[in-house]
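A short write-up of the structure that comes next.
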Amino acid sequence: MKENTWIEGWFEKCEELEIKPWEWDFKQSYIKEPIPKDKSSIELILDYKSRKLTEMGICNITKRRGRNADCDKEPFYIYQLLWGTDYEPKSESQLNLDRYNLIRGETMNSFWTTFKNSVISSKNKNTLYNEIGINSRKSLKYQSHLLISNAKFKEFKQIKDNIAAFEKFATATHCIGNFTVLPHWMNTGRRPFSDDYWDMTLQSFFDFFKPIGYWKQFVKRYFLQPYVNNDEEWTVSEFWEGHFEGIGSRNRLKPQNEHELSEYLHKVNLRIEERGKWMIKKVCEELKLQHFTFYDELKDRQIRFSNELN
């Protein structure tokens, strides 16, 4: 099968580059050479947001790049294998057809939302803005190239204090464990109430599916155990205490202090990795690809619930 051929080829490339598949950064799809190991993951994701990744990279399915690059559309054959998704992403020349393909790959947890909030909430923001020429009255998204210049993003206090976790999240954002499939309209609609924090999105699914008896099947189907507690109802685990109290208030959706930020980064990185390992394990077993070296780390593991993770 075509999906088997692509997945096996991707696994072989992972082995060749000594990258575990659940740690593969799909921004590699828009970079011809392997991502340098000393490349800042934050700088790379800012390049991606700035549409600077313009090469036809490794294991690129969509044949997109630059302004049309979309990491969560690249692992289409994994979605097809695990969830029977029919949508096949269109090439750059066929992008106008995308609106007719409703079920497609999407990113669960947004890096930019928390990173941007941490930049603008840093105590030394004004000093650094003046130093590097950022206009606070304009969108930071379109000035992200200024953050990259001389690696100034590392000097904002909240970034500096959590630099290792942010670097990890910058990669994890575009790893397989942070991807799922959703109706396109649903992914667009979840932003206003959740700001793309997956615990809030999942709480809305809980409120909808639990009364009709489908909640636990939904969690198992999409490997969402790392985001729920192993209690009687499989309740959704908040990224930090009191997060759900922010629903309905845009100002309270993001971390409100250093403790909440640190807790979020720790939890989100851990959950993306846990889910990604389980997804790769299921793919290996479904396609009988257990001969790869990385499978040795997966063969005896079971997926863990949120309250079973540190």
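Naming works like this for the structure tokens: A, B, ... for the chains as they're shown, residue 1 at the start of each chain, ligands 1 onward in shown order.
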Considering only C-alpha atoms, return as an MDAnalysis selection string whatever protein or nucleic-acid residues lie within 10 Å of Ser118 in chain A, sequence-local ones (same chain, fewer than 4 positions apart) excluded.
-> chainID A and resid 112:114 122:123 125 156:160 162 254:258 261
Would you save the residues of that selection, restricted to N, CA, C and O atoms, as an mmCIF file, in the first residue's frame?
data_model
loop_
_atom_site.group_PDB
_atom_site.id
_atom_site.type_symbol
_atom_site.label_atom_id
_atom_site.label_comp_id
_atom_site.auth_asym_id
_atom_site.auth_seq_id
_atom_site.Cartn_x
_atom_site.Cartn_y
_atom_site.Cartn_z
ATOM 1 N N TRP A 112 3.049 29.190 19.396
ATOM 2 C CA TRP A 112 3.062 30.634 19.241
ATOM 3 C C TRP A 112 2.217 31.336 20.301
ATOM 4 O O TRP A 112 2.614 32.375 20.833
ATOM 5 N N THR A 113 1.054 30.779 20.653
ATOM 6 C CA THR A 113 0.173 31.418 21.619
ATOM 7 C C THR A 113 0.884 31.672 22.938
ATOM 8 O O THR A 113 0.859 32.789 23.480
ATOM 9 N N THR A 114 1.535 30.655 23.476
ATOM 10 C CA THR A 114 2.213 30.787 24.771
ATOM 11 C C THR A 114 3.514 31.556 24.644
ATOM 12 O O THR A 114 3.865 32.363 25.520
ATOM 13 N N SER A 122 6.869 39.646 29.649
ATOM 14 C CA SER A 122 8.173 39.751 30.299
ATOM 15 C C SER A 122 8.402 41.168 30.818
ATOM 16 O O SER A 122 8.081 42.154 30.149
ATOM 17 N N LYS A 123 8.988 41.265 32.001
ATOM 18 C CA LYS A 123 9.202 42.569 32.645
ATOM 19 C C LYS A 123 10.129 43.469 31.841
ATOM 20 O O LYS A 123 10.038 44.694 31.915
ATOM 21 N N LYS A 125 10.267 43.649 28.597
ATOM 22 C CA LYS A 125 9.757 43.731 27.221
ATOM 23 C C LYS A 125 10.036 45.099 26.596
ATOM 24 O O LYS A 125 10.555 45.178 25.473
ATOM 25 N N PHE A 156 14.196 37.844 26.575
ATOM 26 C CA PHE A 156 12.954 38.178 27.268
ATOM 27 C C PHE A 156 12.865 37.311 28.520
ATOM 28 O O PHE A 156 13.063 36.097 28.463
ATOM 29 N N LYS A 157 12.555 37.929 29.645
ATOM 30 C CA LYS A 157 12.716 37.251 30.929
ATOM 31 C C LYS A 157 11.968 35.922 31.006
ATOM 32 O O LYS A 157 12.531 34.914 31.444
ATOM 33 N N GLN A 158 10.695 35.886 30.611
ATOM 34 C CA GLN A 158 9.942 34.638 30.736
ATOM 35 C C GLN A 158 10.469 33.561 29.801
ATOM 36 O O GLN A 158 10.379 32.369 30.110
ATOM 37 N N ILE A 159 11.008 33.957 28.663
ATOM 38 C CA ILE A 159 11.629 32.992 27.756
ATOM 39 C C ILE A 159 12.947 32.500 28.361
ATOM 40 O O ILE A 159 13.222 31.299 28.412
ATOM 41 N N LYS A 160 13.755 33.441 28.816
ATOM 42 C CA LYS A 160 15.061 33.106 29.389
ATOM 43 C C LYS A 160 14.934 32.158 30.576
ATOM 44 O O LYS A 160 15.709 31.200 30.713
ATOM 45 N N ASN A 162 12.738 29.974 31.098
ATOM 46 C CA ASN A 162 12.180 28.667 30.710
ATOM 47 C C ASN A 162 12.734 28.220 29.359
ATOM 48 O O ASN A 162 12.066 27.508 28.620
ATOM 49 N N LYS A 254 -4.421 32.097 29.044
ATOM 50 C CA LYS A 254 -2.977 31.841 29.006
ATOM 51 C C LYS A 254 -2.417 31.817 30.434
ATOM 52 O O LYS A 254 -3.069 32.289 31.366
ATOM 53 N N PRO A 255 -1.213 31.278 30.623
ATOM 54 C CA PRO A 255 -0.589 31.293 31.956
ATOM 55 C C PRO A 255 -0.536 32.711 32.522
ATOM 56 O O PRO A 255 -0.157 33.650 31.824
ATOM 57 N N GLN A 256 -0.906 32.825 33.806
ATOM 58 C CA GLN A 256 -0.997 34.136 34.445
ATOM 59 C C GLN A 256 0.241 34.502 35.250
ATOM 60 O O GLN A 256 0.392 35.638 35.682
ATOM 61 N N ASN A 257 1.127 33.533 35.465
ATOM 62 C CA ASN A 257 2.327 33.801 36.248
ATOM 63 C C ASN A 257 3.398 32.771 35.892
ATOM 64 O O ASN A 257 3.154 31.855 35.091
ATOM 65 N N GLU A 258 4.560 32.934 36.492
ATOM 66 C CA GLU A 258 5.702 32.061 36.182
ATOM 67 C C GLU A 258 5.418 30.606 36.533
ATOM 68 O O GLU A 258 5.827 29.686 35.812
ATOM 69 N N LEU A 261 3.143 29.057 33.876
ATOM 70 C CA LEU A 261 3.896 28.887 32.634
ATOM 71 C C LEU A 261 4.813 27.676 32.716
ATOM 72 O O LEU A 261 4.835 26.830 31.805
#
With range 215-231 of chain A as the partner and 12 Å as the cut-off, tabulate the residues of range 90-179 of chain A that qualify, each row holding the nearest pair of atoms and their distance in Å to one decimal, using only C-alpha atoms, sorted by chain and rising number, as JSON lines.
{"residue": "A:Met108", "atom": "CA", "partner": "A:Leu224", "partner_atom": "CA", "distance": 10.9}
{"residue": "A:Asn109", "atom": "CA", "partner": "A:Tyr227", "partner_atom": "CA", "distance": 11.7}
{"residue": "A:Ile176", "atom": "CA", "partner": "A:Phe223", "partner_atom": "CA", "distance": 11.8}
{"residue": "A:Gly177", "atom": "CA", "partner": "A:Phe223", "partner_atom": "CA", "distance": 9.3}
{"residue": "A:Asn178", "atom": "CA", "partner": "A:Leu224", "partner_atom": "CA", "distance": 10.5}
{"residue": "A:Phe179", "atom": "CA", "partner": "A:Tyr222", "partner_atom": "CA", "distance": 10.0}
Counting only C-alpha atoms, what is within 9 Å of range 32-43 of chain A, bar same-chain residues fewer than 4 positions away, as a PyMOL selection string?
-> chain A and resi 17+25+27-28+47-48+55-58+147-148+151+153+166-171
Have a look at A:Lys20, A:Lys116, A:His174, A:Lys49 and name the one nearest to Glu74 in chain A; count only C-alpha atoms.
->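 Once distances to Glu74 in chain A are computed over only C-alpha atoms, the minimum belongs to A:His174.
Take CA of Arg191 in chain A and CA of Thr54 in chain A: the distance between them is 27.3 Å.
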Calculate how many Å separate CA of Phe193 in chain A from CA of Glu245 in chain A, rounding to one decimal.
->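 Interatomic distance, CA of Phe193 in chain A to CA of Glu245 in chain A: 11.7 Å.
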List every residue of range 69-200 of chain A that DSSP, applied to the backbone of this structure, places in alpha helix (DSSP H), and write the result as an MDAnalysis selection string.
-> chainID A and resid 76:83 111:121 125:132 144:148 157:160 163:172 184:194 198:200
Name the residues in contact with Ile132 in chain A at a cut-off of 9 Å, using only C-alpha atoms, excluding same-chain residues fewer than 5 positions from it; report them as number ranges by chain.
-> A: 127, 146-147, 149, 152
Might you pull out every residue within 12 Å of range 297-310 of chain A, with only C-alpha atoms counted and same-chain residues fewer than 3 positions away left off, and present them as a PyMOL selection string?
-> chain A and resi 20-22+199+219-220+222-231+234-239+263+266-285+289-294
From a DSSP pass on the backbone, collect the residues of range 60-256 of chain A flagged as strand (DSSP E or B) and hand them back as number ranges by chain.
-> A: 103-107, 179-183, 228, 236
